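What follows is one structure encoded as structure tokens, with my remarks underneath.
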Amino acid sequence: MKRRHFIKNASLTSVGLAVGSTLVGCAEKTSEEKKATAATSSTHSKATLPLVIATWHVIDATAKAMEVLQAGGNALDAVEQGCMVEEANEKGQSVGKGGLPDRDGNVTLDACIMDKHGNCGSVVYLQNITHAVSVARKVMEDTPHVMLAGEGAKQFAVSKGFEPEDLLTEASKEAWKKWKVEAKYKPIINIENHDTIGMLAIDKNGDISGACTTSGLAYKMGGRVGDSPIIGSGLFVDNEIGACVATGLGEEVVKTVGSFLVVELMRQGKSPQEACEEAISRIVNKPNSNYKDFQVGYIAVNKKGETGSYSIHQWFSMTKFQDGVNEQIQSDYFNKA
Ligand code: SD4
């Protein structure tokens, strides 16, 4: 079943029932009660740490991140290792290995990562390296820079021990060949056709980190870069306030510096849910906005561990692992007409 067609999939994984620190007091609930709460709202006020949220349906990735957190790892390790699960998953055609190529048949990756200190690293137009998020982390930790692009990013990755490989799988090659028959290029987005993974985590110490990784818009122009590796657009983390990550048509996210906007709205007192809704309204309420043709979705978490998610159209969802429950939560959305 495709991830976008899941409405909700609650599961208790092998990580088991987490014992964390509860920031906001609340009577203990059975796991059935927790699932029922999750099904009715994408905003949880109960804040048990650690917690992980991610865009779309990625329960294996959130399970990995929670495993890292439960083993005492920090939020940065958790988001990196969580994202790596999807990067290695060849069946996911918009992240890492198996990602759909640009219109010339090249798989090019964008990724970024940001830690609790506000340090960040990113790679754009990276080819032949599966774990773009890990290269982004190396940029953050081992260079004086924030972004590396293209061949330079690849050479840097190789110098750090990453093995180059062909990322174009047979399935993605076939899809590209079919697309080439008509080769219609419209820089709009199939509303259901995006699965970039953006992940945010709060560890037991209450520290926040985030990461984002994608192969970007399918059949994009050669050289096109989206929002996902752009700090402030695809991802922003402020350890005093909270964090946000975006998915969907990157051009629209970049034009409104979406993730930074969501974090700043939370700084002004909005809940994560209200902040995501306001950021979407900035896009859809632009004069002459053609929002009916594209999707954008945001997920956010604040320092208290409250979460929110919102998108322009239906079918966007957030995966959330908290308090021993790893589940997909259908997002509320703007276009109900
Ligand atoms: C981009 N925002 O490159 C990314 C694509 C995406 O799910 O989110 N895919 O524009």
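Scheme for the structure tokens: letters A, B, ... for chains in order shown; per-chain residue numbers from 1; ligand numbers from 1 in order shown.
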Using 9 Å as the limit and counting only C-alpha atoms and all ligand atoms, can you tabulate each residue of chain A that touches ligand 1, with its shortest atom-to-atom distance in Å and the two atoms involved, as CSV?
```
residue,atom,partner,partner_atom_place_in_ligand_line,distance
A:Thr55,CA,ligand 1,7 (O),8.5
A:Trp56,CA,ligand 1,7 (O),8.5
A:Ser94,CA,ligand 1,9 (N),6.3
A:Val95,CA,ligand 1,9 (N),8.1
A:Leu109,CA,ligand 1,3 (O),8.8
A:Asp110,CA,ligand 1,3 (O),7.4
A:Ile189,CA,ligand 1,10 (O),8.9
A:Glu192,CA,ligand 1,7 (O),8.9
A:Asn193,CA,ligand 1,7 (O),7.0
A:His194,CA,ligand 1,7 (O),3.3
A:Asp195,CA,ligand 1,7 (O),3.7
A:Thr196,CA,ligand 1,7 (O),3.5
A:Ile197,CA,ligand 1,7 (O),6.9
A:Gly198,CA,ligand 1,8 (O),8.4
A:Thr213,CA,ligand 1,4 (C),8.5
A:Thr214,CA,ligand 1,5 (C),6.2
A:Ser215,CA,ligand 1,3 (O),6.7
A:Gly216,CA,ligand 1,3 (O),3.3
A:Leu217,CA,ligand 1,3 (O),4.9
A:Ala218,CA,ligand 1,3 (O),8.5
A:Lys220,CA,ligand 1,3 (O),8.9
A:Arg224,CA,ligand 1,3 (O),8.3
A:Val225,CA,ligand 1,3 (O),6.4
A:Gly226,CA,ligand 1,3 (O),3.8
A:Asp227,CA,ligand 1,2 (N),5.3
A:Ser228,CA,ligand 1,2 (N),5.3
A:Pro229,CA,ligand 1,3 (O),8.5
A:Gly234,CA,ligand 1,2 (N),6.9
A:Ala246,CA,ligand 1,2 (N),6.6
A:Thr247,CA,ligand 1,8 (O),3.4
A:Gly248,CA,ligand 1,8 (O),3.8
A:Leu249,CA,ligand 1,10 (O),4.4
A:Gly250,CA,ligand 1,10 (O),3.2
A:Glu251,CA,ligand 1,10 (O),6.3
A:Glu252,CA,ligand 1,10 (O),8.3
A:Val253,CA,ligand 1,2 (N),7.6
A:Val254,CA,ligand 1,10 (O),8.9
A:Gln295,CA,ligand 1,8 (O),8.8
A:Val296,CA,ligand 1,8 (O),7.6
A:Gly297,CA,ligand 1,8 (O),8.2
```
Would you put the residues from that selection into a file with C-alpha atoms, as a compact mmCIF listing (two decimals), in the first residue's frame?
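selection-v4.txt was written with the following content:
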```txt
# COMPACT_ATOMS: atom_id res chain seq x y z
CA THR A 55 6.63 13.99 7.11
CA TRP A 56 4.46 11.36 5.39
CA SER A 94 11.70 10.62 -3.90
CA VAL A 95 14.54 10.10 -1.47
CA LEU A 109 19.86 14.82 -4.02
CA ASP A 110 19.27 17.75 -1.65
CA ILE A 189 3.29 19.17 -8.45
CA GLU A 192 0.07 13.08 -3.93
CA ASN A 193 3.42 12.63 -5.54
CA HIS A 194 5.83 13.74 -2.87
CA ASP A 195 7.53 11.84 -0.13
CA THR A 196 10.51 13.92 0.97
CA ILE A 197 11.41 12.93 4.48
CA GLY A 198 11.71 15.73 6.98
CA THR A 213 16.43 14.73 2.57
CA THR A 214 15.00 14.37 -0.95
CA SER A 215 15.64 13.66 -4.60
CA GLY A 216 13.40 16.65 -5.27
CA LEU A 217 10.84 17.24 -7.93
CA ALA A 218 10.66 14.31 -10.37
CA LYS A 220 13.06 18.56 -12.77
CA ARG A 224 17.18 22.58 -10.10
CA VAL A 225 17.40 22.80 -6.31
CA GLY A 226 14.33 22.89 -4.07
CA ASP A 227 13.65 24.04 -0.53
CA SER A 228 14.80 20.89 1.26
CA PRO A 229 18.50 21.85 1.62
CA GLY A 234 12.93 23.33 4.07
CA ALA A 246 8.48 21.31 4.92
CA THR A 247 7.47 19.10 2.03
CA GLY A 248 5.83 19.77 -1.32
CA LEU A 249 6.62 22.24 -4.08
CA GLY A 250 9.90 23.71 -2.90
CA GLU A 251 9.64 26.89 -4.95
CA GLU A 252 6.59 27.96 -2.94
CA VAL A 253 8.25 27.12 0.37
CA VAL A 254 11.36 29.12 -0.56
CA GLN A 295 0.92 20.73 -2.53
CA VAL A 296 2.86 22.12 0.42
CA GLY A 297 2.84 20.60 3.90
```
Worksheet item: Got a sec to tell me which of segment 87-285 of chain A DSSP assigns to strand (DSSP E or B), as a PyMOL selection string?
Response: chain A and resi 109-114+120-126+147-149+197-202+208-214+231+235-238+242-248
Would you write out, as CSV, a table of all residues in segment 161-223 of chain A that have an atom no more than 12 Å from an atom of segment 59-83 of chain A, listing for each the closest atom pair and the distance in Å to one decimal, considering only C-alpha atoms and ordering rows by chain and rising residue number?
```
residue,atom,partner,partner_atom,distance
A:Asp195,CA,A:Cys83,CA,11.9
A:Thr196,CA,A:Cys83,CA,9.7
A:Ile197,CA,A:Cys83,CA,6.6
A:Gly198,CA,A:Cys83,CA,7.6
A:Met199,CA,A:Val79,CA,5.9
A:Leu200,CA,A:Val79,CA,6.4
A:Ala201,CA,A:Ala75,CA,5.3
A:Ile202,CA,A:Ala75,CA,5.6
A:Asp203,CA,A:Ala75,CA,5.0
A:Lys204,CA,A:Leu69,CA,7.5
A:Asn205,CA,A:Asn74,CA,8.3
A:Gly206,CA,A:Ala75,CA,8.9
A:Asp207,CA,A:Ala75,CA,6.7
A:Ile208,CA,A:Ala75,CA,5.9
A:Ser209,CA,A:Leu76,CA,5.2
A:Gly210,CA,A:Val79,CA,6.0
A:Ala211,CA,A:Val79,CA,5.9
A:Cys212,CA,A:Cys83,CA,7.3
A:Thr213,CA,A:Cys83,CA,7.0
A:Thr214,CA,A:Cys83,CA,9.8
```
Please write the residues from the selection above to a file, keeping C-alpha atoms, as a PDB file, in the first residue's frame.
```
ATOM      1  CA  ASP A 195       7.525  11.844  -0.128  1.00  0.00           C
ATOM      2  CA  THR A 196      10.510  13.922   0.969  1.00  0.00           C
ATOM      3  CA  ILE A 197      11.405  12.928   4.476  1.00  0.00           C
ATOM      4  CA  GLY A 198      11.712  15.729   6.985  1.00  0.00           C
ATOM      5  CA  MET A 199      12.235  14.660  10.578  1.00  0.00           C
ATOM      6  CA  LEU A 200      12.261  16.526  13.903  1.00  0.00           C
ATOM      7  CA  ALA A 201      13.204  15.027  17.267  1.00  0.00           C
ATOM      8  CA  ILE A 202      13.384  16.077  20.897  1.00  0.00           C
ATOM      9  CA  ASP A 203      15.665  13.977  23.057  1.00  0.00           C
ATOM     10  CA  LYS A 204      15.382  13.171  26.758  1.00  0.00           C
ATOM     11  CA  ASN A 205      17.234  16.377  27.616  1.00  0.00           C
ATOM     12  CA  GLY A 206      14.630  18.428  25.761  1.00  0.00           C
ATOM     13  CA  ASP A 207      17.034  19.358  22.954  1.00  0.00           C
ATOM     14  CA  ILE A 208      15.737  19.609  19.396  1.00  0.00           C
ATOM     15  CA  SER A 209      17.316  18.727  16.041  1.00  0.00           C
ATOM     16  CA  GLY A 210      15.965  18.285  12.524  1.00  0.00           C
ATOM     17  CA  ALA A 211      16.886  16.923   9.100  1.00  0.00           C
ATOM     18  CA  CYS A 212      15.450  16.796   5.618  1.00  0.00           C
ATOM     19  CA  THR A 213      16.425  14.726   2.565  1.00  0.00           C
ATOM     20  CA  THR A 214      14.996  14.373  -0.949  1.00  0.00           C
TER      21      THR A 214
END
```
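Interatomic distance, atom CA of Ala157 of chain A to atom CA of Met114 of chain A: 18.2 Å.
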Practice prompt. Please give the complete set of residues from segment 205-315 of chain A that DSSP, run on the backbone, assigns to alpha helix (DSSP H), formatted as a list of chain:residue names.
Written response: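 Of segment 205-315 of chain A, the ones in alpha helix (DSSP H) are A:Gly250, A:Glu251, A:Glu252, A:Val253, A:Val254, A:Lys255, A:Gly258, A:Ser259, A:Phe260, A:Leu261, A:Val262, A:Val263, A:Glu264, A:Leu265, A:Met266, A:Arg267, A:Pro272, A:Gln273, A:Glu274, A:Ala275, A:Cys276, A:Glu277, A:Glu278, A:Ala279, A:Ile280, A:Ser281, A:Arg282, A:Ile283, A:Val284.
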Keeping N, CA, C and O atoms, export the residues of the selection given above as a CSV table (one decimal), in the first residue's frame.
```csv
chain,number,residue,atom,x,y,z
A,250,GLY,N,8.9,22.9,-3.6
A,250,GLY,CA,9.9,23.7,-2.9
A,250,GLY,C,9.9,25.2,-3.3
A,250,GLY,O,10.2,26.0,-2.4
A,251,GLU,N,9.6,25.5,-4.5
A,251,GLU,CA,9.6,26.9,-5.0
A,251,GLU,C,8.7,27.7,-4.1
A,251,GLU,O,9.0,28.9,-3.7
A,252,GLU,N,7.6,27.2,-3.8
A,252,GLU,CA,6.6,28.0,-2.9
A,252,GLU,C,7.1,28.1,-1.5
A,252,GLU,O,6.8,29.1,-0.8
A,253,VAL,N,7.7,27.1,-1.0
A,253,VAL,CA,8.3,27.1,0.4
A,253,VAL,C,9.4,28.2,0.5
A,253,VAL,O,9.4,29.0,1.4
A,254,VAL,N,10.2,28.2,-0.5
A,254,VAL,CA,11.4,29.1,-0.6
A,254,VAL,C,10.8,30.6,-0.6
A,254,VAL,O,11.3,31.4,0.1
A,255,LYS,N,9.8,30.8,-1.4
A,255,LYS,CA,9.3,32.2,-1.6
A,255,LYS,C,8.7,32.7,-0.2
A,255,LYS,O,8.6,33.9,-0.1
A,258,GLY,N,9.4,29.3,4.5
A,258,GLY,CA,8.3,28.6,5.3
A,258,GLY,C,8.7,28.1,6.7
A,258,GLY,O,8.0,28.4,7.6
A,259,SER,N,9.8,27.4,6.8
A,259,SER,CA,10.1,26.7,8.1
A,259,SER,C,10.5,27.8,9.1
A,259,SER,O,10.1,27.7,10.3
A,260,PHE,N,11.3,28.8,8.7
A,260,PHE,CA,11.7,29.9,9.6
A,260,PHE,C,10.4,30.6,10.0
A,260,PHE,O,10.3,31.0,11.2
A,261,LEU,N,9.5,30.8,9.1
A,261,LEU,CA,8.3,31.5,9.4
A,261,LEU,C,7.5,30.8,10.5
A,261,LEU,O,7.0,31.4,11.5
A,262,VAL,N,7.4,29.5,10.4
A,262,VAL,CA,6.6,28.7,11.3
A,262,VAL,C,7.3,28.8,12.7
A,262,VAL,O,6.6,29.1,13.7
A,263,VAL,N,8.6,28.8,12.8
A,263,VAL,CA,9.3,28.9,14.1
A,263,VAL,C,9.1,30.3,14.7
A,263,VAL,O,8.8,30.4,15.9
A,264,GLU,N,9.2,31.3,13.8
A,264,GLU,CA,9.0,32.7,14.3
A,264,GLU,C,7.6,32.9,14.8
A,264,GLU,O,7.3,33.6,15.8
A,265,LEU,N,6.6,32.2,14.1
A,265,LEU,CA,5.2,32.4,14.6
A,265,LEU,C,5.0,31.7,16.0
A,265,LEU,O,4.3,32.2,16.8
A,266,MET,N,5.7,30.6,16.2
A,266,MET,CA,5.7,29.9,17.5
A,266,MET,C,6.3,30.8,18.5
A,266,MET,O,5.9,30.9,19.7
A,267,ARG,N,7.4,31.5,18.1
A,267,ARG,CA,8.1,32.4,19.1
A,267,ARG,C,7.1,33.5,19.5
A,267,ARG,O,7.1,34.0,20.7
A,272,PRO,N,2.2,25.0,17.5
A,272,PRO,CA,2.7,24.5,16.2
A,272,PRO,C,1.6,24.3,15.2
A,272,PRO,O,1.8,24.6,14.0
A,273,GLN,N,0.4,23.9,15.6
A,273,GLN,CA,-0.7,23.8,14.6
A,273,GLN,C,-1.0,25.1,14.0
A,273,GLN,O,-1.2,25.3,12.8
A,274,GLU,N,-1.2,26.1,14.9
A,274,GLU,CA,-1.6,27.5,14.4
A,274,GLU,C,-0.5,28.0,13.5
A,274,GLU,O,-0.8,28.7,12.5
A,275,ALA,N,0.7,27.8,13.8
A,275,ALA,CA,1.8,28.3,13.1
A,275,ALA,C,1.9,27.7,11.7
A,275,ALA,O,2.1,28.4,10.6
A,276,CYS,N,1.7,26.3,11.6
A,276,CYS,CA,1.7,25.7,10.3
A,276,CYS,C,0.5,26.2,9.4
A,276,CYS,O,0.7,26.4,8.2
A,277,GLU,N,-0.6,26.4,10.1
A,277,GLU,CA,-1.8,26.9,9.3
A,277,GLU,C,-1.6,28.3,8.8
A,277,GLU,O,-1.9,28.6,7.6
A,278,GLU,N,-0.9,29.1,9.6
A,278,GLU,CA,-0.6,30.5,9.1
A,278,GLU,C,0.4,30.5,8.0
A,278,GLU,O,0.2,31.2,7.0
A,279,ALA,N,1.4,29.6,8.1
A,279,ALA,CA,2.4,29.6,7.0
A,279,ALA,C,1.7,29.1,5.7
A,279,ALA,O,2.1,29.6,4.6
A,280,ILE,N,0.8,28.2,5.8
A,280,ILE,CA,0.1,27.7,4.5
A,280,ILE,C,-0.8,28.9,4.0
A,280,ILE,O,-0.9,29.1,2.8
A,281,SER,N,-1.4,29.6,4.9
A,281,SER,CA,-2.3,30.7,4.5
A,281,SER,C,-1.5,31.8,3.8
A,281,SER,O,-2.0,32.4,2.8
A,282,ARG,N,-0.2,32.0,4.1
A,282,ARG,CA,0.6,32.9,3.4
A,282,ARG,C,0.8,32.5,1.9
A,282,ARG,O,1.0,33.4,1.1
A,283,ILE,N,0.8,31.2,1.7
A,283,ILE,CA,1.0,30.8,0.3
A,283,ILE,C,-0.3,30.8,-0.5
A,283,ILE,O,-0.4,31.4,-1.6
A,284,VAL,N,-1.4,30.3,0.1
A,284,VAL,CA,-2.7,30.3,-0.6
A,284,VAL,C,-3.3,31.6,-0.8
A,284,VAL,O,-4.1,31.8,-1.7
```
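Atom to atom, atom CA of Ile241 of chain A and atom CA of Val123 of chain A stand 25.4 Å apart.
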Practice prompt. Choose the residue, out of A:Asn302, A:Gln314, A:Thr108, A:Gln328, that has the smallest atom-to-atom separation from Glu151 of chain A; count only C-alpha atoms.
Written response: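 Going through A:Asn302, A:Gln314, A:Thr108, A:Gln328 one by one, the smallest distance to Glu151 of chain A is for A:Thr108.
Going from atom CA of Lys303 of chain A to atom CA of Trp315 of chain A covers 26.9 Å.
Among the candidates A:Ala47, A:Gly118, A:Asp293, A:Ala88, the one nearest to Val237 of chain A when counting only C-alpha atoms is A:Gly118.
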